[in-house]
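Source file: data_21.cif. Holds: mmCIF, C-alpha atoms (C1' of nucleotides) and all ligand atoms.
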data_work
#
loop_
_atom_site.label_atom_id
_atom_site.label_comp_id
_atom_site.auth_asym_id
_atom_site.auth_seq_id
_atom_site.Cartn_x
_atom_site.Cartn_y
_atom_site.Cartn_z
CA MET A 1411 -13.60 1.39 -28.41
CA SER A 1412 -10.97 2.45 -25.92
CA HIS A 1413 -11.75 4.39 -22.74
CA ASN A 1414 -9.65 6.94 -20.94
CA THR A 1415 -9.41 7.21 -17.18
CA LYS A 1416 -12.14 9.83 -16.96
CA ASP A 1417 -14.59 7.68 -18.91
CA ILE A 1418 -13.89 4.72 -16.68
CA HIS A 1419 -14.34 6.83 -13.58
CA SER A 1420 -17.78 7.90 -14.71
CA ILE A 1421 -18.70 4.37 -15.72
CA PHE A 1422 -17.86 3.27 -12.21
CA SER A 1423 -19.67 6.22 -10.61
CA GLN A 1424 -22.74 5.49 -12.60
CA TYR A 1425 -22.63 1.81 -11.75
CA LEU A 1426 -22.30 2.65 -8.08
CA SER A 1427 -25.21 5.08 -8.01
CA GLU A 1428 -27.38 2.62 -9.89
CA GLN A 1429 -26.70 0.11 -7.11
CA ASN A 1430 -27.17 2.69 -4.34
CA LEU A 1431 -23.50 2.44 -3.52
CA ARG A 1432 -21.10 5.31 -2.93
CA MET A 1433 -17.93 6.55 -4.54
CA THR A 1434 -15.16 6.76 -1.94
CA THR A 1435 -11.56 7.86 -1.92
CA GLN A 1436 -10.48 4.24 -1.56
CA ARG A 1437 -12.49 3.14 -4.56
CA GLU A 1438 -11.12 6.00 -6.62
CA LEU A 1439 -7.56 5.12 -5.70
CA ILE A 1440 -8.05 1.43 -6.42
CA LEU A 1441 -9.65 2.16 -9.80
CA LYS A 1442 -6.89 4.57 -10.79
CA THR A 1443 -4.11 2.25 -9.66
CA PHE A 1444 -5.67 -0.80 -11.31
CA CYS A 1445 -5.99 0.99 -14.65
CA LYS A 1446 -2.32 1.95 -14.56
CA GLN A 1447 -1.13 -1.66 -14.38
CA LYS A 1448 0.51 -3.08 -17.46
CA LYS A 1449 0.18 -6.72 -16.43
CA HIS A 1450 -2.62 -8.88 -15.13
CA VAL A 1451 -2.52 -8.48 -11.35
CA THR A 1452 -3.94 -10.44 -8.46
CA ALA A 1453 -5.86 -8.62 -5.73
CA GLU A 1454 -2.96 -9.28 -3.40
CA GLN A 1455 -0.42 -7.78 -5.80
CA LEU A 1456 -2.60 -4.73 -6.27
CA TYR A 1457 -2.91 -4.40 -2.50
CA GLU A 1458 0.87 -4.31 -2.16
CA ILE A 1459 1.07 -1.57 -4.78
CA LEU A 1460 -1.76 0.40 -3.19
CA LYS A 1461 -0.15 0.37 0.23
CA LYS A 1462 2.59 2.63 -1.11
CA ALA A 1463 0.05 5.32 -1.95
CA ASP A 1464 -2.14 4.71 1.10
CA PRO A 1465 -0.59 2.59 3.85
CA THR A 1466 -3.87 2.51 5.73
CA ILE A 1467 -5.82 0.83 2.96
CA GLY A 1468 -7.41 -2.44 3.91
CA HIS A 1469 -6.88 -5.78 2.41
CA ALA A 1470 -10.63 -6.54 2.27
CA THR A 1471 -11.39 -3.25 0.56
CA VAL A 1472 -9.20 -4.20 -2.38
CA TYR A 1473 -10.90 -7.57 -2.77
CA ARG A 1474 -14.34 -5.98 -2.42
CA THR A 1475 -13.57 -3.27 -4.95
CA MET A 1476 -12.15 -5.63 -7.56
CA LYS A 1477 -15.38 -7.56 -7.35
CA LEU A 1478 -17.34 -4.36 -7.88
CA LEU A 1479 -15.17 -3.38 -10.85
CA THR A 1480 -15.85 -6.78 -12.35
CA GLU A 1481 -19.60 -6.37 -11.89
CA ALA A 1482 -19.37 -2.92 -13.44
CA GLY A 1483 -17.70 -4.39 -16.52
CA ILE A 1484 -14.46 -2.52 -15.88
CA ALA A 1485 -12.34 -5.48 -14.84
CA ARG A 1486 -12.26 -9.03 -16.08
CA GLU A 1487 -11.30 -12.03 -13.97
CA LEU A 1488 -8.68 -14.39 -15.34
CA ASN A 1489 -8.07 -17.84 -13.95
CA PHE A 1490 -4.84 -19.43 -15.13
CA GLY A 1491 -5.15 -22.22 -12.59
CA GLU A 1492 -2.59 -20.62 -10.31
CA GLY A 1493 -4.84 -20.63 -7.25
CA SER A 1494 -5.60 -16.93 -7.35
CA ILE A 1495 -7.57 -14.71 -9.67
CA ARG A 1496 -5.89 -12.17 -11.89
CA TYR A 1497 -7.58 -9.06 -13.18
CA GLU A 1498 -7.27 -7.13 -16.40
CA PRO A 1499 -9.06 -4.04 -17.64
CA ASP A 1500 -12.09 -5.12 -19.61
CA THR A 1501 -12.93 -1.84 -21.30
CA SER A 1502 -9.55 -0.81 -22.64
CA LYS A 1503 -9.30 -3.32 -25.43
CA GLU A 1504 -11.22 -5.85 -27.40
CA HIS A 1505 -11.94 -9.25 -25.97
CA HIS A 1506 -9.01 -11.62 -26.17
CA ASP A 1507 -7.79 -14.93 -24.84
CA HIS A 1508 -4.40 -15.90 -23.41
CA LEU A 1509 -1.43 -18.02 -24.31
CA VAL A 1510 0.53 -18.61 -21.11
CA CYS A 1511 4.05 -19.95 -20.66
CA VAL A 1512 4.02 -22.68 -18.01
CA LYS A 1513 7.69 -22.05 -17.20
CA CYS A 1514 7.93 -18.28 -16.76
CA GLY A 1515 4.32 -17.08 -16.74
CA GLU A 1516 4.85 -14.76 -19.69
CA ASN A 1517 1.65 -14.50 -21.64
CA ILE A 1518 0.43 -13.36 -24.98
CA GLU A 1519 -3.00 -11.99 -25.74
CA PHE A 1520 -4.62 -13.17 -28.91
CA LEU A 1521 -7.92 -12.99 -30.64
CA ASP A 1522 -8.94 -15.55 -33.21
CA GLU A 1523 -12.25 -14.66 -34.82
CA GLU A 1524 -12.60 -18.12 -36.29
CA ILE A 1525 -12.33 -19.73 -32.87
CA GLU A 1526 -14.80 -17.22 -31.44
CA ASN A 1527 -17.32 -18.06 -34.13
CA LEU A 1528 -16.85 -21.79 -33.78
CA GLN A 1529 -17.51 -21.46 -30.06
CA LYS A 1530 -20.81 -19.79 -30.81
CA ARG A 1531 -21.64 -22.61 -33.17
CA VAL A 1532 -21.00 -25.21 -30.45
CA VAL A 1533 -23.12 -23.36 -27.93
CA SER A 1534 -26.09 -22.96 -30.24
CA LYS A 1535 -25.81 -26.56 -31.40
CA TYR A 1536 -26.71 -27.64 -27.86
CA GLY A 1537 -29.38 -24.99 -27.38
CA TYR A 1538 -27.39 -23.15 -24.74
CA GLN A 1539 -27.37 -19.38 -24.43
CA LEU A 1540 -23.74 -18.17 -24.31
CA VAL A 1541 -22.80 -16.19 -21.21
CA ASP A 1542 -19.03 -16.29 -21.18
CA HIS A 1543 -16.09 -18.38 -22.18
CA SER A 1544 -12.57 -19.04 -21.05
CA LEU A 1545 -9.84 -20.19 -23.40
CA ASN A 1546 -6.33 -20.55 -22.08
CA LEU A 1547 -3.54 -22.11 -24.09
CA TYR A 1548 -0.56 -23.33 -22.06
CA GLY A 1549 2.81 -23.77 -23.65
CA ILE A 1550 6.50 -23.05 -23.44
CA CYS A 1551 7.58 -19.69 -24.79
CA PRO A 1552 10.48 -19.37 -27.26
CA LYS A 1553 12.77 -18.02 -24.54
CA CYS A 1554 12.08 -20.91 -22.17
CA GLN A 1555 12.49 -23.47 -24.94
CA LYS A 1556 16.15 -22.52 -25.15
CA GLY A 1557 16.92 -22.32 -21.42
CA MET V 9 -9.40 -46.32 -27.41
CA SER V 10 -11.34 -47.22 -24.29
CA HIS V 11 -9.88 -48.93 -21.22
CA ASN V 12 -11.57 -51.30 -18.83
CA THR V 13 -11.00 -51.32 -15.09
CA LYS V 14 -8.33 -53.99 -15.28
CA ASP V 15 -6.34 -52.02 -17.85
CA ILE V 16 -6.50 -48.91 -15.73
CA HIS V 17 -5.42 -50.82 -12.65
CA SER V 18 -2.34 -52.10 -14.44
CA ILE V 19 -1.59 -48.68 -15.87
CA PHE V 20 -1.62 -47.32 -12.33
CA SER V 21 0.42 -50.23 -10.95
CA GLN V 22 3.00 -49.76 -13.61
CA TYR V 23 3.19 -46.02 -13.02
CA LEU V 24 3.62 -46.61 -9.30
CA SER V 25 6.40 -49.14 -9.70
CA GLU V 26 8.18 -46.89 -12.18
CA GLN V 27 8.20 -44.21 -9.50
CA ASN V 28 9.17 -46.64 -6.74
CA LEU V 29 5.78 -46.20 -5.16
CA ARG V 30 3.47 -48.92 -3.88
CA MET V 31 0.01 -50.12 -4.65
CA THR V 32 -2.10 -50.06 -1.50
CA THR V 33 -5.65 -51.01 -0.60
CA GLN V 34 -6.54 -47.32 -0.29
CA ARG V 35 -5.18 -46.51 -3.74
CA GLU V 36 -7.05 -49.44 -5.22
CA LEU V 37 -10.30 -48.36 -3.61
CA ILE V 38 -9.88 -44.75 -4.71
CA LEU V 39 -9.08 -45.75 -8.28
CA LYS V 40 -12.04 -48.13 -8.46
CA THR V 41 -14.45 -45.62 -6.94
CA PHE V 42 -13.23 -42.76 -9.10
CA CYS V 43 -13.67 -44.79 -12.29
CA LYS V 44 -17.25 -45.63 -11.32
CA GLN V 45 -18.31 -41.97 -11.17
CA LYS V 46 -20.57 -40.71 -13.91
CA LYS V 47 -19.93 -37.03 -13.23
CA HIS V 48 -16.87 -34.89 -12.73
CA VAL V 49 -16.13 -35.02 -9.02
CA THR V 50 -14.10 -32.90 -6.65
CA ALA V 51 -11.65 -34.61 -4.29
CA GLU V 52 -13.96 -33.67 -1.44
CA GLN V 53 -16.99 -35.25 -3.11
CA LEU V 54 -15.02 -38.40 -3.81
CA TYR V 55 -13.90 -38.47 -0.18
CA GLU V 56 -17.53 -38.41 0.98
CA ILE V 57 -18.35 -41.30 -1.33
CA LEU V 58 -15.28 -43.26 -0.27
CA LYS V 59 -16.09 -42.94 3.42
CA LYS V 60 -19.11 -45.18 2.89
CA ALA V 61 -16.89 -48.02 1.71
CA ASP V 62 -14.07 -47.29 4.16
CA PRO V 63 -14.92 -44.94 7.04
CA THR V 64 -11.29 -44.83 8.11
CA ILE V 65 -9.98 -43.40 4.86
CA GLY V 66 -8.14 -40.12 5.20
CA HIS V 67 -8.88 -36.84 3.59
CA ALA V 68 -5.25 -36.29 2.60
CA THR V 69 -4.98 -39.73 1.03
CA VAL V 70 -7.74 -38.88 -1.43
CA TYR V 71 -6.07 -35.61 -2.44
CA ARG V 72 -2.69 -37.32 -2.71
CA THR V 73 -4.07 -40.15 -4.81
CA MET V 74 -5.97 -37.92 -7.21
CA LYS V 75 -2.74 -36.10 -7.85
CA LEU V 76 -1.02 -39.40 -8.56
CA LEU V 77 -3.80 -40.49 -10.91
CA THR V 78 -3.37 -37.23 -12.77
CA GLU V 79 0.36 -37.74 -13.10
CA ALA V 80 -0.27 -41.27 -14.30
CA GLY V 81 -2.55 -39.96 -17.05
CA ILE V 82 -5.60 -41.68 -15.59
CA ALA V 83 -7.39 -38.56 -14.34
CA ARG V 84 -7.67 -35.10 -15.79
CA GLU V 85 -8.10 -31.94 -13.74
CA LEU V 86 -10.93 -29.59 -14.68
CA ASN V 87 -11.20 -26.04 -13.45
CA PHE V 88 -14.59 -24.47 -13.98
CA GLY V 89 -13.71 -21.48 -11.80
CA GLU V 90 -15.72 -22.86 -8.89
CA GLY V 91 -12.84 -22.68 -6.43
CA SER V 92 -12.13 -26.40 -6.43
CA ILE V 93 -10.75 -28.83 -8.95
CA ARG V 94 -12.92 -31.49 -10.56
CA TYR V 95 -11.59 -34.73 -11.96
CA GLU V 96 -12.63 -36.86 -14.88
CA PRO V 97 -11.21 -40.09 -16.25
CA ASP V 98 -8.65 -39.25 -18.90
CA THR V 99 -8.22 -42.64 -20.49
CA SER V 100 -11.81 -43.66 -21.08
CA LYS V 101 -12.60 -41.25 -23.87
CA GLU V 102 -11.10 -38.89 -26.36
CA HIS V 103 -10.08 -35.41 -25.33
CA HIS V 104 -12.97 -33.01 -25.08
CA ASP V 105 -13.89 -29.60 -23.74
CA HIS V 106 -16.89 -28.50 -21.67
CA LEU V 107 -19.99 -26.40 -22.04
CA VAL V 108 -21.21 -25.60 -18.53
CA CYS V 109 -24.56 -24.20 -17.42
CA VAL V 110 -23.97 -21.31 -15.02
CA LYS V 111 -27.37 -21.84 -13.40
CA CYS V 112 -27.49 -25.57 -12.66
CA GLY V 113 -23.95 -26.80 -13.37
CA GLU V 114 -25.10 -29.31 -15.96
CA ASN V 115 -22.40 -29.72 -18.55
CA ILE V 116 -21.93 -31.08 -22.00
CA GLU V 117 -18.75 -32.53 -23.39
CA PHE V 118 -17.86 -31.57 -26.92
CA LEU V 119 -14.98 -31.88 -29.27
CA ASP V 120 -14.55 -29.49 -32.16
CA GLU V 121 -11.65 -30.51 -34.36
CA GLU V 122 -11.64 -27.16 -36.10
CA ILE V 123 -11.19 -25.34 -32.79
CA GLU V 124 -8.46 -27.77 -31.77
CA ASN V 125 -6.57 -27.11 -34.99
CA LEU V 126 -6.98 -23.36 -34.78
CA GLN V 127 -5.55 -23.47 -31.28
CA LYS V 128 -2.46 -25.19 -32.62
CA ARG V 129 -2.18 -22.51 -35.26
CA VAL V 130 -2.25 -19.75 -32.64
CA VAL V 131 0.38 -21.46 -30.52
CA SER V 132 2.78 -22.01 -33.39
CA LYS V 133 2.24 -18.47 -34.70
CA TYR V 134 3.85 -17.17 -31.51
CA GLY V 135 6.60 -19.79 -31.43
CA TYR V 136 5.24 -21.47 -28.33
CA GLN V 137 5.31 -25.22 -27.79
CA LEU V 138 1.82 -26.41 -26.81
CA VAL V 139 1.58 -28.18 -23.47
CA ASP V 140 -2.10 -28.07 -22.63
CA HIS V 141 -5.21 -26.05 -23.12
CA SER V 142 -8.40 -25.28 -21.30
CA LEU V 143 -11.57 -24.27 -23.10
CA ASN V 144 -14.74 -23.80 -21.09
CA LEU V 145 -17.90 -22.34 -22.53
CA TYR V 146 -20.37 -20.97 -19.99
CA GLY V 147 -24.02 -20.59 -20.83
CA ILE V 148 -27.57 -21.26 -19.80
CA CYS V 149 -28.90 -24.69 -20.67
CA PRO V 150 -32.25 -25.11 -22.42
CA LYS V 151 -33.90 -26.29 -19.20
CA CYS V 152 -32.74 -23.25 -17.21
CA GLN V 153 -33.74 -20.88 -19.99
CA LYS V 154 -37.34 -21.82 -19.35
CA GLY V 155 -37.29 -21.73 -15.52
"C1'" DT X 865 -25.69 20.19 9.48
"C1'" DT X 866 -27.90 16.13 10.22
"C1'" DG X 867 -29.19 11.51 9.95
"C1'" DA X 868 -29.68 7.24 7.66
"C1'" DT X 869 -26.90 4.01 5.83
"C1'" DA X 870 -22.97 2.52 3.12
"C1'" DT X 871 -17.98 1.76 3.77
"C1'" DT X 872 -13.89 0.84 6.00
"C1'" DG X 873 -10.08 -1.81 8.20
"C1'" DA X 874 -8.90 -5.07 11.80
"C1'" DT X 875 -9.68 -9.42 12.69
"C1'" DA X 876 -11.77 -13.84 12.68
"C1'" DA X 877 -13.51 -17.30 9.85
"C1'" DT X 878 -13.83 -20.25 5.85
"C1'" DG X 879 -12.59 -23.73 2.44
"C1'" DA X 880 -9.48 -26.08 -0.63
"C1'" DG X 881 -5.48 -28.15 -0.54
"C1'" DT X 882 -0.79 -29.38 1.65
"C1'" DT X 883 2.57 -30.59 5.23
"C1'" DT X 884 4.04 -32.92 9.30
"C1'" DC X 885 4.81 -36.80 11.88
"C1'" DA X 886 4.18 -40.91 14.57
"C1'" DT X 887 2.30 -45.27 13.40
"C1'" DT X 888 1.35 -48.86 10.14
"C1'" DC X 889 1.88 -51.28 5.84
"C1'" DG X 890 3.98 -53.50 1.61
"C1'" DC X 891 7.71 -55.70 -0.30
"C1'" DT X 892 11.99 -57.93 -0.63
"C1'" DG X 893 15.21 -60.92 1.03
"C1'" DT X 894 16.07 -64.61 4.76
"C1'" DA R 1407 6.81 -67.17 8.59
"C1'" DC R 1408 10.08 -63.25 9.84
"C1'" DA R 1409 12.72 -59.10 9.82
"C1'" DG R 1410 13.87 -54.70 8.17
"C1'" DC R 1411 13.37 -50.59 5.57
"C1'" DG R 1412 11.29 -47.29 3.14
"C1'" DA R 1413 6.71 -45.87 1.54
"C1'" DA R 1414 1.94 -44.78 2.90
"C1'" DT R 1415 -1.52 -43.55 6.01
"C1'" DG R 1416 -4.64 -40.62 8.97
"C1'" DA R 1417 -5.03 -36.96 12.31
"C1'" DA R 1418 -4.11 -32.65 12.95
"C1'" DA R 1419 -1.80 -28.47 12.08
"C1'" DC R 1420 -0.87 -25.41 8.56
"C1'" DT R 1421 -1.01 -22.32 4.22
"C1'" DC R 1422 -3.13 -19.29 1.18
"C1'" DA R 1423 -6.87 -16.90 -1.15
"C1'" DT R 1424 -10.94 -15.06 -0.16
"C1'" DT R 1425 -15.07 -13.78 2.65
"C1'" DA R 1426 -17.73 -12.55 6.82
"C1'" DT R 1427 -18.23 -9.83 11.08
"C1'" DC R 1428 -18.50 -5.68 13.37
"C1'" DA R 1429 -17.53 -1.34 15.63
"C1'" DA R 1430 -15.97 3.02 14.02
"C1'" DT R 1431 -16.16 6.30 10.21
"C1'" DA R 1432 -17.42 8.50 5.89
"C1'" DT R 1433 -20.84 9.79 2.27
"C1'" DC R 1434 -24.63 12.21 0.55
"C1'" DA R 1435 -29.47 13.57 0.07
"C1'" DA R 1436 -32.50 16.34 2.52
MN MN U 1 -5.21 -10.01 -21.20
MN MN U 2 -15.63 -34.23 -19.30
ZN ZN U 3 8.49 -18.77 -20.71
ZN ZN U 4 -28.94 -25.32 -16.45
#
As C-alpha cells, please, write out the structure in this file.
Amino acid sequence: MSHNTKDIHSIFSQYLSEQNLRMTTQRELILKTFCKQKKHVTAEQLYEILKKADPTIGHATVYRTMKLLTEAGIARELNFGEGSIRYEPDTSKEHHDHLVCVKCGENIEFLDEEIENLQKRVVSKYGYQLVDHSLNLYGICPKCQKG
Amino acid sequence: MSHNTKDIHSIFSQYLSEQNLRMTTQRELILKTFCKQKKHVTAEQLYEILKKADPTIGHATVYRTMKLLTEAGIARELNFGEGSIRYEPDTSKEHHDHLVCVKCGENIEFLDEEIENLQKRVVSKYGYQLVDHSLNLYGICPKCQKG
DNA sequence: TTGATATTGATAATGAGTTTCATTCGCTGT
DNA sequence: ACAGCGAATGAAACTCATTATCAATATCAA
C-alpha cells in the first residue's frame, strides 16, 4: 500500500514516457523534495525549499511539475479555501480527509469509512458516476480553544 | 424556515446598522438581484447581471457587498475549486451540500443527516470545536454519461 | 553524434479579488 | 431645507496565484 522513493520515481518515469514526456534533473529534484515534505505544501513553498538545492530552478517549472505529479497520481491537490493549492503525496497513504483549525492552520487527517460509504450512496441515488470528493471540516483545535 | 425578500432586506438593514454601516441604493439593488438568482453565481457573473439594471455600478462594490451579505448570514460562499467563489442564498433553505458534474457543471443539492452527524463525531473525537464544513462530491451526471 | 522536439527559466500576461483615494451620498441634528 | 461628517462609491492601481510565451537548452531515439 505504501511506496518508497524508488517506486514513485518509476511511477513518474512510466507516466512521463506514456505521455511522450521526458524525465529531467529538475523533475527528479522536485519529486524527491516533494516526497520528503512532512506537511501539505503549496507550489510556492516548495519552490522556496527547492531554491536551496538548486538556485537556478524556475518558478514555472515547479508549478508545471506539480501538475504533472497530480496527473500521474503521485500528488493530490488540497483546497482549504486559502487562495492557493496545497499538495500532499497521494500514493504514500490511504485516502483521507482533513480537519483544519481556522485559527492556526493545524490539521488532522482522518478517514471515516461510514462517511465514505454514505457519499457513494448519495452519488448513486442521483445517477451520478463518482469521480472525486472533497470533505474539509473546519474547527478550532484544542490548543487554540484555550488561547 | 424560509424568508421572503422583505425579511431579508430587514435582516440586512439591521446587520448594517449594528455595524454602523448604511443601506444604499447599490446595496439594495445587489441584494435584490442576488436573491432573484436561481443558480449559484460568482461575484463577476452577478456584476454582469447588475450592469443591465445600473450600468454605473462598480466592480468593487459588488465584491464588497457580497462579503457583507456573507457576514450578515444572507449569502453563503461555495468553493468548487474553479478558482472563483460562488454564492448562494443562505437563509432561504436548510443547509445542504453539493454534487457537481465535472463535465457540465450542473449540480444537485443534497442533505444527508447521517453524514452531518458523522462529521460532528469526527470533530469531537479530536477535541475540535466545529466552525464550518465543506463537502463537495464530484461526478458525471446522467446526461453527460451518455454524451 | 545528430536531430527532432520536449523542457527550461525569465518574463509577461491573466484573472480573481482587494486597496486606494477623490468624489458623492446618507443620516442626523439644526 | 441645510450643513456637516463619516460611510460608500467607482475608477484605477495593485496583489497574489497561476499560466502563457518564447528563445535558449537539454533529452533521447536513431
Ligand atoms: Mn493529508
Ligand atoms: Mn446550493
Ligand atoms: Zn489551532
Ligand atoms: Zn453533466
Interatomic distance, atom CA of Glu1516 of chain A to atom ZN of ligand ZN 3 (chain U) (Å, one decimal): 5.5 Å
Given a cut-off of 12 Å, which residues of chain V touch chain X, counting all atoms listed in the file, written out as a CSV table (one decimal) with C-alpha atoms, in the coordinates of the input?
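Full text of iface-v3.csv as output:
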chain,number,residue,atom,x,y,z
V,25,SER,CA,6.4,-49.1,-9.7
V,28,ASN,CA,9.2,-46.6,-6.7
V,29,LEU,CA,5.8,-46.2,-5.2
V,30,ARG,CA,3.5,-48.9,-3.9
V,31,MET,CA,0.0,-50.1,-4.6
V,32,THR,CA,-2.1,-50.1,-1.5
V,33,THR,CA,-5.6,-51.0,-0.6
V,34,GLN,CA,-6.5,-47.3,-0.3
V,50,THR,CA,-14.1,-32.9,-6.6
V,51,ALA,CA,-11.6,-34.6,-4.3
V,52,GLU,CA,-14.0,-33.7,-1.4
V,67,HIS,CA,-8.9,-36.8,3.6
V,68,ALA,CA,-5.2,-36.3,2.6
V,69,THR,CA,-5.0,-39.7,1.0
V,70,VAL,CA,-7.7,-38.9,-1.4
V,71,TYR,CA,-6.1,-35.6,-2.4
V,72,ARG,CA,-2.7,-37.3,-2.7
V,74,MET,CA,-6.0,-37.9,-7.2
V,75,LYS,CA,-2.7,-36.1,-7.8
V,90,GLU,CA,-15.7,-22.9,-8.9
V,91,GLY,CA,-12.8,-22.7,-6.4
V,92,SER,CA,-12.1,-26.4,-6.4
V,93,ILE,CA,-10.8,-28.8,-9.0
V,94,ARG,CA,-12.9,-31.5,-10.6
To one decimal place in Å, what is the distance between atom CA of Asp98 of chain V and atom CA of Ala83 of chain V? 4.8 Å
Can you superpose chain A onto chain V by least squares over all C-alpha atoms paired in order and give the moved copy as a compact mmCIF listing (two decimals) with C-alpha atoms, keeping the file's coordinate frame?
# COMPACT_ATOMS: atom_id res chain seq x y z
CA MET A 1411 -9.17 -46.23 -27.36
CA SER A 1412 -11.21 -47.08 -24.29
CA HIS A 1413 -9.78 -48.83 -21.24
CA ASN A 1414 -11.46 -51.22 -18.86
CA THR A 1415 -10.89 -51.25 -15.13
CA LYS A 1416 -8.20 -53.91 -15.33
CA ASP A 1417 -6.21 -51.94 -17.90
CA ILE A 1418 -6.38 -48.83 -15.77
CA HIS A 1419 -5.29 -50.76 -12.71
CA SER A 1420 -2.19 -51.97 -14.48
CA ILE A 1421 -1.48 -48.53 -15.89
CA PHE A 1422 -1.53 -47.20 -12.36
CA SER A 1423 0.56 -50.08 -11.00
CA GLN A 1424 3.13 -49.55 -13.65
CA TYR A 1425 3.24 -45.82 -13.04
CA LEU A 1426 3.70 -46.42 -9.33
CA SER A 1427 6.54 -48.91 -9.73
CA GLU A 1428 8.27 -46.62 -12.19
CA GLN A 1429 8.23 -43.92 -9.50
CA ASN A 1430 9.26 -46.34 -6.73
CA LEU A 1431 5.86 -45.95 -5.16
CA ARG A 1432 3.62 -48.73 -3.88
CA MET A 1433 0.17 -49.99 -4.69
CA THR A 1434 -1.98 -49.98 -1.55
CA THR A 1435 -5.50 -51.00 -0.68
CA GLN A 1436 -6.45 -47.34 -0.34
CA ARG A 1437 -5.12 -46.47 -3.76
CA GLU A 1438 -6.93 -49.42 -5.29
CA LEU A 1439 -10.20 -48.41 -3.68
CA ILE A 1440 -9.84 -44.78 -4.73
CA LEU A 1441 -9.02 -45.76 -8.32
CA LYS A 1442 -11.95 -48.16 -8.54
CA THR A 1443 -14.40 -45.71 -6.99
CA PHE A 1444 -13.20 -42.81 -9.13
CA CYS A 1445 -13.63 -44.81 -12.34
CA LYS A 1446 -17.20 -45.68 -11.40
CA GLN A 1447 -18.29 -42.04 -11.20
CA LYS A 1448 -20.55 -40.78 -13.95
CA LYS A 1449 -19.97 -37.09 -13.25
CA HIS A 1450 -16.94 -34.91 -12.73
CA VAL A 1451 -16.22 -35.08 -9.00
CA THR A 1452 -14.20 -32.97 -6.62
CA ALA A 1453 -11.75 -34.66 -4.25
CA GLU A 1454 -14.07 -33.79 -1.40
CA GLN A 1455 -17.08 -35.38 -3.09
CA LEU A 1456 -15.08 -38.50 -3.82
CA TYR A 1457 -13.97 -38.60 -0.19
CA GLU A 1458 -17.58 -38.59 0.96
CA ILE A 1459 -18.37 -41.48 -1.37
CA LEU A 1460 -15.28 -43.41 -0.30
CA LYS A 1461 -16.11 -43.13 3.38
CA LYS A 1462 -19.10 -45.41 2.81
CA ALA A 1463 -16.82 -48.20 1.62
CA ASP A 1464 -14.02 -47.45 4.08
CA PRO A 1465 -14.92 -45.13 6.95
CA THR A 1466 -11.31 -45.01 8.08
CA ILE A 1467 -9.99 -43.55 4.85
CA GLY A 1468 -8.21 -40.26 5.22
CA HIS A 1469 -9.02 -37.01 3.65
CA ALA A 1470 -5.38 -36.35 2.66
CA THR A 1471 -5.04 -39.75 1.04
CA VAL A 1472 -7.80 -38.94 -1.41
CA TYR A 1473 -6.20 -35.64 -2.38
CA ARG A 1474 -2.78 -37.28 -2.67
CA THR A 1475 -4.10 -40.12 -4.80
CA MET A 1476 -6.03 -37.90 -7.19
CA LYS A 1477 -2.81 -36.03 -7.80
CA LEU A 1478 -1.04 -39.30 -8.53
CA LEU A 1479 -3.81 -40.42 -10.90
CA THR A 1480 -3.44 -37.13 -12.73
CA GLU A 1481 0.32 -37.60 -13.06
CA ALA A 1482 -0.27 -41.13 -14.29
CA GLY A 1483 -2.55 -39.82 -17.03
CA ILE A 1484 -5.59 -41.57 -15.59
CA ALA A 1485 -7.42 -38.51 -14.31
CA ARG A 1486 -7.73 -35.04 -15.74
CA GLU A 1487 -8.19 -31.89 -13.67
CA LEU A 1488 -11.02 -29.57 -14.60
CA ASN A 1489 -11.29 -26.02 -13.34
CA PHE A 1490 -14.68 -24.44 -13.90
CA GLY A 1491 -13.81 -21.50 -11.67
CA GLU A 1492 -15.83 -22.90 -8.80
CA GLY A 1493 -12.97 -22.75 -6.30
CA SER A 1494 -12.28 -26.46 -6.32
CA ILE A 1495 -10.88 -28.87 -8.86
CA ARG A 1496 -13.02 -31.50 -10.49
CA TYR A 1497 -11.67 -34.72 -11.91
CA GLU A 1498 -12.69 -36.84 -14.85
CA PRO A 1499 -11.23 -40.04 -16.24
CA ASP A 1500 -8.69 -39.16 -18.88
CA THR A 1501 -8.26 -42.55 -20.50
CA SER A 1502 -11.86 -43.59 -21.01
CA LYS A 1503 -12.69 -41.25 -23.84
CA GLU A 1504 -11.22 -38.89 -26.34
CA HIS A 1505 -10.18 -35.43 -25.32
CA HIS A 1506 -13.06 -33.01 -25.04
CA ASP A 1507 -13.94 -29.60 -23.70
CA HIS A 1508 -16.93 -28.47 -21.64
CA LEU A 1509 -20.01 -26.34 -22.02
CA VAL A 1510 -21.22 -25.51 -18.52
CA CYS A 1511 -24.55 -24.06 -17.41
CA VAL A 1512 -23.93 -21.18 -15.01
CA LYS A 1513 -27.34 -21.67 -13.40
CA CYS A 1514 -27.51 -25.40 -12.67
CA GLY A 1515 -23.99 -26.68 -13.34
CA GLU A 1516 -25.17 -29.16 -15.95
CA ASN A 1517 -22.47 -29.62 -18.52
CA ILE A 1518 -22.01 -30.99 -21.97
CA GLU A 1519 -18.83 -32.48 -23.35
CA PHE A 1520 -17.93 -31.54 -26.87
CA LEU A 1521 -15.08 -31.90 -29.25
CA ASP A 1522 -14.62 -29.53 -32.14
CA GLU A 1523 -11.74 -30.59 -34.37
CA GLU A 1524 -11.69 -27.24 -36.10
CA ILE A 1525 -11.20 -25.41 -32.82
CA GLU A 1526 -8.50 -27.88 -31.79
CA ASN A 1527 -6.61 -27.27 -35.01
CA LEU A 1528 -6.96 -23.51 -34.81
CA GLN A 1529 -5.52 -23.62 -31.30
CA LYS A 1530 -2.47 -25.41 -32.63
CA ARG A 1531 -2.15 -22.76 -35.30
CA VAL A 1532 -2.17 -19.99 -32.68
CA VAL A 1533 0.43 -21.72 -30.56
CA SER A 1534 2.83 -22.33 -33.42
CA LYS A 1535 2.34 -18.80 -34.73
CA TYR A 1536 3.99 -17.53 -31.54
CA GLY A 1537 6.68 -20.20 -31.48
CA TYR A 1538 5.29 -21.83 -28.35
CA GLN A 1539 5.31 -25.57 -27.80
CA LEU A 1540 1.78 -26.69 -26.82
CA VAL A 1541 1.51 -28.45 -23.47
CA ASP A 1542 -2.16 -28.26 -22.64
CA HIS A 1543 -5.23 -26.18 -23.12
CA SER A 1544 -8.42 -25.37 -21.30
CA LEU A 1545 -11.58 -24.31 -23.08
CA ASN A 1546 -14.72 -23.79 -21.07
CA LEU A 1547 -17.87 -22.29 -22.53
CA TYR A 1548 -20.33 -20.88 -19.99
CA GLY A 1549 -23.96 -20.47 -20.84
CA ILE A 1550 -27.52 -21.09 -19.80
CA CYS A 1551 -28.89 -24.50 -20.66
CA PRO A 1552 -32.26 -24.91 -22.42
CA LYS A 1553 -33.92 -26.04 -19.19
CA CYS A 1554 -32.71 -23.02 -17.22
CA GLN A 1555 -33.69 -20.63 -20.00
CA LYS A 1556 -37.32 -21.51 -19.35
CA GLY A 1557 -37.26 -21.46 -15.54
